[in-house]
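This report concerns only the one structure given below.
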Amino acid sequence: MAVSASSSAQQARQALAKRLADLCRDAGLTGLDLAERCGWSRSKSSRIMNAKTPPSADDIRAWCHACGAEDQTEDLFASLRNAEGMWVTWRRMERAGLKQAQEARLPLYQRTRRFRSYSSWLVPGMIQTQPYTTAALHAIQRRRGLVDDVADAVAARMERQRVLYEGDRRFAFLVEESVLRAGIGGAEVMSGQLGHLISIASLPNVSLGVVPMRPDRERWPAEGFWIYDTAQVNVELISGYLTITQPSEVAMYAKTFAELAALAVYGAAARALITSALDALG
């Protein structure tokens with residue numbers, strides 16, 4: 001699934017570009033007229049109107065002033081923030097530390113009633129133990145050279161896990177079998193985490209599926225993603241964090257989740273795979 005060039009983000013950029021182009025036309029201006037009023041090259045106006053170059057906030061302010069449409073500035077700022085927010089690099093998201101990145105997602109979790117999570121890298125954060133989270137966030141902090149607020153970030157993630165036990169929320173977790181065997185934090189940490197998965201699977205509002213490793217899969221592993229109700233998907237990539245709200249793309253991820261869920265095992269069969277991974281720790 002090629003999500004780095006998400007059509008959600010592209011369509012948001014194109015919608016903003018169209019609004020700016022419409023303002024220009026409604027004001028009776030050509031691209032050259034606008035460029036002259038703003039002190040730009042003609043090519044800059046063309047690139048912005050054709051969604052080749054994203055405008056800055058200053059560009060939007062100048063554009064609205066040139067078109068006599070200052071009353072549209074704030075609304076266009078909101079559209080710009082929406083388009084920019086669909087793709088966020090890890091460095092930008094975590095520039096104030098890992099704690100803030102954890103806390104920023106809490107409102108989304110609180111308003112969601114149906115969660116679907118697929119992970120091919122790590123145990124999903126919502127069902128991690130504290131030692132596992134600590135090991136994972138320490139690894140991220142060191143790799144990305146971030147300020148060391150790991151203890152506070154771990155506490156924020158543990159606090160967020162309360163939504164598992166509150167309200168009428170439903171959770172469906174899918175993990176690749178490799179997640180059970182690709183250790184982080186050492187044998188003791190992994191042992192505790194695998195035991196926790198067995199406990200979590202017994203919750204009445206939780207479904208835990210494990211996609212077995214096998215040589216003849218027709219649906220290969222994908223990047224990790226979360227689906228929040230039917231409104232939003234978040235995808236974690238190596239380079240950043242993608243937010244998808246375009247209904248057709250949300251549906252694509254829902255379909256992928258269903259296909260992976262059909263490959264997974266549950267109940268006793270899932271416990272057997274977890275127990276096998278536990279036994280392998282020695």
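The chains in the structure tokens are called A, B, ... from first to last as shown; in each chain the residues are counted from 1, and the ligands are counted from 1 in the order shown.
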
message: For the alpha helix (DSSP H) assignment from backbone DSSP, which residues of region 17-262 of chain A qualify? Please present them as number ranges by chain.
response: A: 17-26, 31-38, 42-49, 57-66, 73-85, 90-93, 98-104, 106-111, 130-144, 150-160, 177-181, 187-200, 247-262

Close residues, Ala280 (chain A) itself excluded, 12 Å, only C-alpha atoms, min 2 positions apart in chain, as a PyMOL selection string: chain A and resi 180-183+187+190-191+194+273-278+282

field: Two-atom distance - CA of Gln128 (chain A), CA of Leu174 (chain A) (Å)
entry: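 If I compute the distance from CA of Gln128 (chain A) to CA of Leu174 (chain A), I get 13.5 Å.
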
field: Nearest to Pro221 (chain A), chosen from A:Thr112, A:Gln102, A:Thr134, A:Thr256, with only C-alpha atoms counted in the distances
entry: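 Smallest distance to Pro221 (chain A) is found for A:Thr256.
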
- prompt: CA of Arg95 (chain A) to CA of Val250 (chain A): how many Å, to one decimal?
  reply: 28.1 Å

Near region 142-166 of chain A, 8 Å: region 5-121 of chain A residue rows, closest pairs, only C-alpha atoms, as CSV:
residue,atom,partner,partner_atom,distance
A:Arg91,CA,A:Arg144,CA,7.7
A:Glu94,CA,A:Leu146,CA,7.6
A:Arg95,CA,A:Leu146,CA,7.3
A:Ala96,CA,A:Val147,CA,7.8
A:Gly97,CA,A:Val147,CA,5.8
A:Leu98,CA,A:Ala153,CA,5.5
A:Lys99,CA,A:Ala153,CA,3.8
A:Gln100,CA,A:Ala153,CA,7.4
A:Gln102,CA,A:Arg157,CA,6.1
A:Glu103,CA,A:Ala156,CA,6.2
A:Leu106,CA,A:Arg160,CA,6.3
A:Tyr109,CA,A:Val163,CA,7.2
A:Gln110,CA,A:Val163,CA,6.7

field: Shortest interatomic distance to Asn205 (chain A) - which of A:Asp279, A:Phe115, A:Ala136, A:Gln232, counting only C-alpha atoms
entry: A:Phe115

field: Shell around Ala57 (chain A) at 8 Å using only C-alpha atoms, local window under 3 positions removed, as number ranges by chain
entry: A: 60-61, 77, 80

Can I get the selected residues back with C-alpha atoms, as a PDB file, in the first residue's frame?
ATOM      1  CA  ILE A  60      -1.870  33.077   2.039  1.00  0.00           C
ATOM      2  CA  ARG A  61      -1.964  36.407   3.849  1.00  0.00           C
ATOM      3  CA  PHE A  77      -5.109  29.144   7.405  1.00  0.00           C
ATOM      4  CA  LEU A  80      -3.434  24.904   5.346  1.00  0.00           C
TER       5      LEU A  80
END

task: Write down as a PyMOL selection string the residues belonging to region 159-219 of chain A that are assigned strand (DSSP E or B) by DSSP computed on the backbone.
output: chain A and resi 170-176+206-211

Just write the chosen residues, N, CA, C and O atoms, as a compact mmCIF listing (two decimals), in the first residue's frame.
# COMPACT_ATOMS: atom_id res chain seq x y z
N ARG A 170 -14.84 -0.76 21.82
CA ARG A 170 -14.44 -2.09 21.34
C ARG A 170 -13.08 -1.99 20.65
O ARG A 170 -12.81 -1.04 19.93
N PHE A 171 -12.26 -3.00 20.88
CA PHE A 171 -10.90 -3.00 20.35
C PHE A 171 -10.64 -4.31 19.60
O PHE A 171 -10.93 -5.40 20.12
N ALA A 172 -10.08 -4.18 18.41
CA ALA A 172 -9.64 -5.36 17.65
C ALA A 172 -8.16 -5.14 17.33
O ALA A 172 -7.80 -4.21 16.60
N PHE A 173 -7.31 -5.99 17.90
CA PHE A 173 -5.87 -5.90 17.69
C PHE A 173 -5.41 -7.06 16.83
O PHE A 173 -5.76 -8.22 17.10
N LEU A 174 -4.63 -6.75 15.80
CA LEU A 174 -3.98 -7.77 14.99
C LEU A 174 -2.48 -7.55 15.07
O LEU A 174 -2.01 -6.42 14.87
N VAL A 175 -1.73 -8.60 15.36
CA VAL A 175 -0.27 -8.50 15.35
C VAL A 175 0.29 -9.65 14.53
O VAL A 175 -0.27 -10.75 14.52
N GLU A 176 1.37 -9.37 13.82
CA GLU A 176 2.07 -10.44 13.14
C GLU A 176 2.78 -11.32 14.17
O GLU A 176 3.23 -10.85 15.22
N VAL A 206 -12.33 -6.88 23.88
CA VAL A 206 -11.08 -6.95 23.13
C VAL A 206 -11.02 -8.22 22.28
O VAL A 206 -11.35 -9.32 22.77
N SER A 207 -10.63 -8.06 21.03
CA SER A 207 -10.32 -9.19 20.16
C SER A 207 -8.83 -9.10 19.85
O SER A 207 -8.35 -8.05 19.41
N LEU A 208 -8.11 -10.18 20.08
CA LEU A 208 -6.68 -10.22 19.78
C LEU A 208 -6.41 -11.35 18.79
O LEU A 208 -6.64 -12.52 19.09
N GLY A 209 -5.94 -10.97 17.62
CA GLY A 209 -5.61 -11.96 16.60
C GLY A 209 -4.12 -11.93 16.30
O GLY A 209 -3.49 -10.88 16.32
N VAL A 210 -3.57 -13.11 16.03
CA VAL A 210 -2.17 -13.24 15.65
C VAL A 210 -2.12 -13.80 14.24
O VAL A 210 -2.74 -14.83 13.95
N VAL A 211 -1.43 -13.10 13.35
CA VAL A 211 -1.29 -13.56 11.98
C VAL A 211 -0.06 -14.48 11.92
O VAL A 211 1.07 -14.01 12.08
